[in-house]
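Enquirer: Right, I'll just put the structure down here and ask away after.
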Amino acid sequence: MTMLADLKDAPGLRLECVARGADDPDVECVFVAERLLDLQNAPSKSVAVLGSHVCAAADGYQFDIALRMAVGRGVAALVLSEPSTPPLTSTSVETARRFGIAILRQTDPVNLADLVTTLDAGLRGSAELALRRAVEAFQRTTAMAPDPAAMVEDVAKAAAAEIVVRSEPDGELSYPVEVDGEPDRWVVVRDASARSRPELVLVGRLLADTLTLAADAARRAEELPIRSRAELLSEILDSSEHGRSELLRRARAMGLTIDGWHVVVRIEHDNAEELWREEVAGFEARQLLGRTVLDAVRSTGGTWHLAWTERSVLVIRMCRNDPGPSAGAQATKSANQALQEAKRRFPDAVLYCGVGTAHSGSLGLINSAAEARAAVAASRTRNRPGVAMAFDNLGLRRTLVEWYASHTARKAIATVLAPLDRMSNSKAEEAIKTLQVYLDNHGSLSKTAAALHLHRNSVAYRIDRIFSELDVDPENPDDWLLLQLACRARGLA
């Protein structure tokens, strides 16, 4: 902000006060009036320089009228460019005093262009000064101070301007500080003389871009341990029992409460291929989805960690002690909040979500993940995207998953289906599906053929081959039940 008194004393000017206003107003720009009527277009807070024709009429009533125009426009001061300007009328002097507008006169002969240029330089500084300030501000921004607030303060001081950071834009000179491609804060140049100082446009933009880079660097530094933990948890969830001990040791060394209690929330993106056909774009979007979900659940309280499995995002709440019976409901509430935030960031995404119950220990983590997967499957069956479904609400399906989650049950299933698993992936999947439909239809070849859209003889051939591979007795009810449970539980795994 430049005060009129500072401008009057600027180097190269010889101005005397002909009529003093009541205040010392701030000045934003210089305006030239070659005719009296030009003053009706003068900007507010401007210094209006009057040409020779206007100065010649300074002792008449027309000047009094023009002076009132200037008062109405909010002009800070009038400058009479001619030293030979006749004395003002008493009415003009009284009007200037009453309404707080100063009238100055150049005492030495000077070209009008030189006078305007000198006033403009006094208002916003010379081009050399502006460049020096811009260079100093640039050096402060490239220093990458660890404290963003300190950087803003240093840059504002170097630029001799009022520069602040706000949550919302404020005026023309507002520049976004982006996080994940969206404005998070705004660098605002609030200096009154900003419009007459073009270097502040560069300083504001550079500062905003520098703060964006600093925010990205801070995000990457914060995400490094998050990604490391996420990768380790993903490995644990995908590992076999024999290879899990070393992973658990690493988890404990990393500070994860792997021996505590766990509640898993699973979110599956149903139309990722439609939205992101390019692999790189899809990968970046899934990473952003994971960060969005993790930030959202963390805002609800508790200790949460991120993990990945296949194309799903998992967030895991870990507690050192038993969180109690309300843990599932609390996690479901957090998951719904995360879904809302994810929907805001990805409005076209179709998301299905399932929430497991609280279990203890590393096996409890795997059990809760299995429950969350079963809840997602139920959510798909009931066509309820965008809503977290708790495993507690699944009824009989929950009992099946709880049985499958036990070590004894998984071992029994692996043993009984092992001959089919030794086939190729496609043949094993086909065999297990055929077997499940056959068992569900109580051994009816006709109903099985209708359900699978196959000829009855084809089904008979498949069933004979399947039972010839399995070490079970199809006439034994216990074996029959074990096969039914194994096929259903395999579908949940």
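Chain lettering (A, B, ...) mirrors the order of the structure tokens, residue numbering begins at 1 for each chain separately, and ligand numbering begins at 1 in order of display.
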Can you write out as JSON lines which residues of stretch 86-174 of chain A fall within 9 Å of stretch 204-209 of chain A, alongside each residue's closest atom pair and its distance in Å to one decimal, counting only C-alpha atoms and ordering rows by chain and ascending residue number?
Expert:
```
{"residue": "A:Ala137", "atom": "CA", "partner": "A:Leu207", "partner_atom": "CA", "distance": 8.6}
{"residue": "A:Phe138", "atom": "CA", "partner": "A:Leu206", "partner_atom": "CA", "distance": 7.5}
{"residue": "A:Thr141", "atom": "CA", "partner": "A:Leu207", "partner_atom": "CA", "distance": 6.2}
{"residue": "A:Met151", "atom": "CA", "partner": "A:Leu207", "partner_atom": "CA", "distance": 8.6}
{"residue": "A:Val152", "atom": "CA", "partner": "A:Leu207", "partner_atom": "CA", "distance": 7.5}
{"residue": "A:Val155", "atom": "CA", "partner": "A:Leu207", "partner_atom": "CA", "distance": 7.9}
{"residue": "A:Ile163", "atom": "CA", "partner": "A:Gly204", "partner_atom": "CA", "distance": 7.8}
{"residue": "A:Leu173", "atom": "CA", "partner": "A:Gly204", "partner_atom": "CA", "distance": 7.3}
{"residue": "A:Ser174", "atom": "CA", "partner": "A:Gly204", "partner_atom": "CA", "distance": 7.5}
```
Enquirer: Mind dumping the selected residues with C-alpha atoms as a short mmCIF file (atom, residue, chain, number, x, y, z; two decimals), in the first residue's frame?
Expert:
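In the end it all went to again_34.cif:
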```cif
data_model
loop_
_atom_site.label_atom_id
_atom_site.label_comp_id
_atom_site.auth_asym_id
_atom_site.auth_seq_id
_atom_site.Cartn_x
_atom_site.Cartn_y
_atom_site.Cartn_z
CA ALA A 137 11.19 -13.68 -3.92
CA PHE A 138 12.26 -16.35 -6.42
CA THR A 141 10.82 -19.88 -2.92
CA MET A 151 8.37 -19.47 3.32
CA VAL A 152 5.21 -17.41 2.71
CA VAL A 155 8.49 -14.25 0.18
CA ILE A 163 0.78 -12.28 0.71
CA LEU A 173 -4.61 -12.57 -7.48
CA SER A 174 -5.43 -15.96 -5.93
#
```
Enquirer: Applying 9 Å and only C-alpha atoms, which residues near A:Thr212 remain after dropping the ones on its own chain fewer than 2 positions away? List them as a VMD selection string.
Expert: chain A and resid 176 to 179 207 to 210 214 to 217
Enquirer: Considering only C-alpha atoms, state which residue in the set A:Gly255, A:Gly171, A:Pro474, A:Pro148 is at the smallest distance from A:Leu213.
Expert: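 Under the stated criterion, the closest residue is A:Pro148.
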Enquirer: Among stretch 48-216 of chain A, which residues carry a DSSP assignment of helix (DSSP H, G or I), reported as number ranges by chain?
Expert: A: 52-56, 61-73, 90-99, 112-124, 127-142, 148-159, 194-196, 199-216
Enquirer: Fewer than 6 positions away in the same chain doesn't count, so skip those; otherwise give me all residues within 9 Å of A:Ala158, counting only C-alpha atoms, as a PyMOL selection string.
Expert: chain A and resi 133-137+140
Enquirer: Residues of stretch 367-478 of chain A within 8 Å of stretch 350-353 of chain A: nearest atom pair and distance (Å, one decimal) for each, counting only C-alpha atoms, sorted by chain and number, as a tab-separated table?
Expert:
```
residue	atom	partner	partner_atom	distance
A:Ala372	CA	A:Cys353	CA	7.9
A:Ala375	CA	A:Cys353	CA	7.4
A:Val376	CA	A:Cys353	CA	5.3
A:Ser379	CA	A:Tyr352	CA	6.5
A:Arg380	CA	A:Tyr352	CA	6.8
A:Arg384	CA	A:Tyr352	CA	7.2
A:Pro385	CA	A:Tyr352	CA	4.8
A:Gly386	CA	A:Leu351	CA	5.4
A:Val387	CA	A:Cys353	CA	6.4
A:Ala388	CA	A:Cys353	CA	4.7
A:Met389	CA	A:Cys353	CA	6.2
```
Enquirer: What does the distance from atom CA of A:Ala76 to atom CA of A:Leu15 come to in Å, to one decimal?
Expert: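 Separation between atom CA of A:Ala76 and atom CA of A:Leu15: 15.0 Å.
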Enquirer: Compare A:Lys343, A:Arg488, A:Arg229, A:His262 by their minimum atom-to-atom distance to A:Asn321, counting only C-alpha atoms, and give me the closest one.
Expert: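 Closest to A:Asn321 of all the choices is A:His262.
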Enquirer: Counting only C-alpha atoms, which residues of stretch 339-435 of chain A fall within 8 Å of stretch 460-469 of chain A, and what is the closest atom pair for each with its distance in Å at one decimal, ordered by chain and rising number, as JSON lines?
Expert:
```
{"residue": "A:Pro419", "atom": "CA", "partner": "A:Glu469", "partner_atom": "CA", "distance": 6.0}
{"residue": "A:Leu420", "atom": "CA", "partner": "A:Glu469", "partner_atom": "CA", "distance": 7.2}
{"residue": "A:Ala431", "atom": "CA", "partner": "A:Ile466", "partner_atom": "CA", "distance": 6.8}
{"residue": "A:Thr434", "atom": "CA", "partner": "A:Ile463", "partner_atom": "CA", "distance": 7.6}
{"residue": "A:Leu435", "atom": "CA", "partner": "A:Ile463", "partner_atom": "CA", "distance": 7.0}
```
Enquirer: Residues as selected, C-alpha atoms, written as a compact mmCIF listing (two decimals), in the first residue's frame, can you do that?
Expert:
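Contents of out_11.txt, freshly written:
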```
# COMPACT_ATOMS: atom_id res chain seq x y z
CA PRO A 419 -7.18 -83.89 -6.65
CA LEU A 420 -9.24 -81.28 -8.50
CA ALA A 431 -14.97 -79.30 -12.05
CA THR A 434 -20.09 -78.77 -11.77
CA LEU A 435 -19.70 -80.65 -8.50
```
Enquirer: Name all residues at most 6 Å from A:Ser92 (count only C-alpha atoms; drop same-chain ones fewer than 3 positions away) and give them as number ranges by chain.
Expert: A: 64, 89, 95
Enquirer: Would you put the residues from that selection into a file with all heavy atoms, as a PDB file, in the first residue's frame?
Expert:
```
ATOM      1  N   ASP A  64     -14.365  23.720 -10.275  1.00  0.00           N
ATOM      2  CA  ASP A  64     -15.092  23.297  -9.064  1.00  0.00           C
ATOM      3  C   ASP A  64     -16.002  22.104  -9.359  1.00  0.00           C
ATOM      4  O   ASP A  64     -16.107  21.159  -8.565  1.00  0.00           O
ATOM      5  CB  ASP A  64     -15.921  24.458  -8.519  1.00  0.00           C
ATOM      6  CG  ASP A  64     -15.062  25.602  -8.014  1.00  0.00           C
ATOM      7  OD1 ASP A  64     -13.879  25.337  -7.727  1.00  0.00           O
ATOM      8  OD2 ASP A  64     -15.564  26.719  -7.910  1.00  0.00           O
ATOM      9  N   THR A  89      -9.765  28.692  -6.635  1.00  0.00           N
ATOM     10  CA  THR A  89     -10.787  29.477  -5.947  1.00  0.00           C
ATOM     11  C   THR A  89     -10.923  28.977  -4.516  1.00  0.00           C
ATOM     12  O   THR A  89     -10.559  27.842  -4.189  1.00  0.00           O
ATOM     13  CB  THR A  89     -12.138  29.351  -6.662  1.00  0.00           C
ATOM     14  OG1 THR A  89     -12.571  27.992  -6.572  1.00  0.00           O
ATOM     15  CG2 THR A  89     -12.032  29.756  -8.132  1.00  0.00           C
ATOM     16  N   THR A  95     -13.694  22.721  -0.765  1.00  0.00           N
ATOM     17  CA  THR A  95     -14.222  21.410  -1.187  1.00  0.00           C
ATOM     18  C   THR A  95     -13.186  20.319  -0.964  1.00  0.00           C
ATOM     19  O   THR A  95     -13.496  19.229  -0.476  1.00  0.00           O
ATOM     20  CB  THR A  95     -14.629  21.458  -2.674  1.00  0.00           C
ATOM     21  OG1 THR A  95     -15.656  22.437  -2.853  1.00  0.00           O
ATOM     22  CG2 THR A  95     -15.141  20.102  -3.132  1.00  0.00           C
TER      23      THR A  95
END
```
Enquirer: Could you pull the residues within 10 Å of stretch 364-368 of chain A, counting only C-alpha atoms, minus those fewer than 2 positions along the same chain, as an NGL selection string?
Expert: :A and (233 or 236-239 or 258-266 or 316-318 or 355-362 or 370-374 or 391 or 401-402 or 404-406)
Enquirer: Determine, counting only C-alpha atoms, which protein, DNA and RNA residues have an atom within 7 Å of an atom of A:Thr107; residues of the same chain fewer than 3 positions away are not included. Present the result as a PyMOL selection string.
Expert: chain A and resi 14-16+83
Enquirer: Let me see the file: selected residues, N, CA and C atoms, as a short mmCIF file (atom, residue, chain, number, x, y, z; two decimals), in the first residue's frame.
Expert:
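Here's the written file result34.cif:
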```
data_model
loop_
_atom_site.label_atom_id
_atom_site.label_comp_id
_atom_site.auth_asym_id
_atom_site.auth_seq_id
_atom_site.Cartn_x
_atom_site.Cartn_y
_atom_site.Cartn_z
N ARG A 14 8.61 17.20 -7.86
CA ARG A 14 8.65 18.49 -7.16
C ARG A 14 7.22 18.96 -6.99
N LEU A 15 6.57 18.42 -6.00
CA LEU A 15 5.15 18.70 -5.79
C LEU A 15 4.95 19.51 -4.53
N GLU A 16 4.11 20.53 -4.64
CA GLU A 16 3.71 21.28 -3.47
C GLU A 16 2.22 21.10 -3.24
N PRO A 83 3.37 24.42 -13.60
CA PRO A 83 3.75 25.32 -12.50
C PRO A 83 3.02 26.67 -12.57
#
```
Enquirer: Please provide as a list in words all residues within 12 Å of A:Pro169, with the sequence filter that same-chain residues fewer than 4 positions apart are discarded (counting only C-alpha atoms).
Expert: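 Near neighbours after the sequence-gap exclusion: Val164, Val165, Leu173, Ser174, Tyr175, Pro176, Val177, Pro183, Asp184, Arg185, Trp186, Val187, Val188, Val189 and Arg190 of chain A.
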Enquirer: Just give me the gap between atom CA of A:Ala285 and atom CA of A:Arg298 in Å, one decimal is fine.
Expert: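 Atom-to-atom, atom CA of A:Ala285 and atom CA of A:Arg298 are spaced 19.8 Å apart.
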Enquirer: How many Å lie between atom CA of A:Gln139 and atom CA of A:Leu123, rounded to one decimal?
Expert: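 A separation of 24.5 Å between them.
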Enquirer: Which of these residues is nearest to A:Gln330, using only C-alpha atoms: A:Leu445, A:Thr415, A:Leu88, A:Thr300?
Expert: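 Of all the options, A:Thr300 lies closest to A:Gln330.
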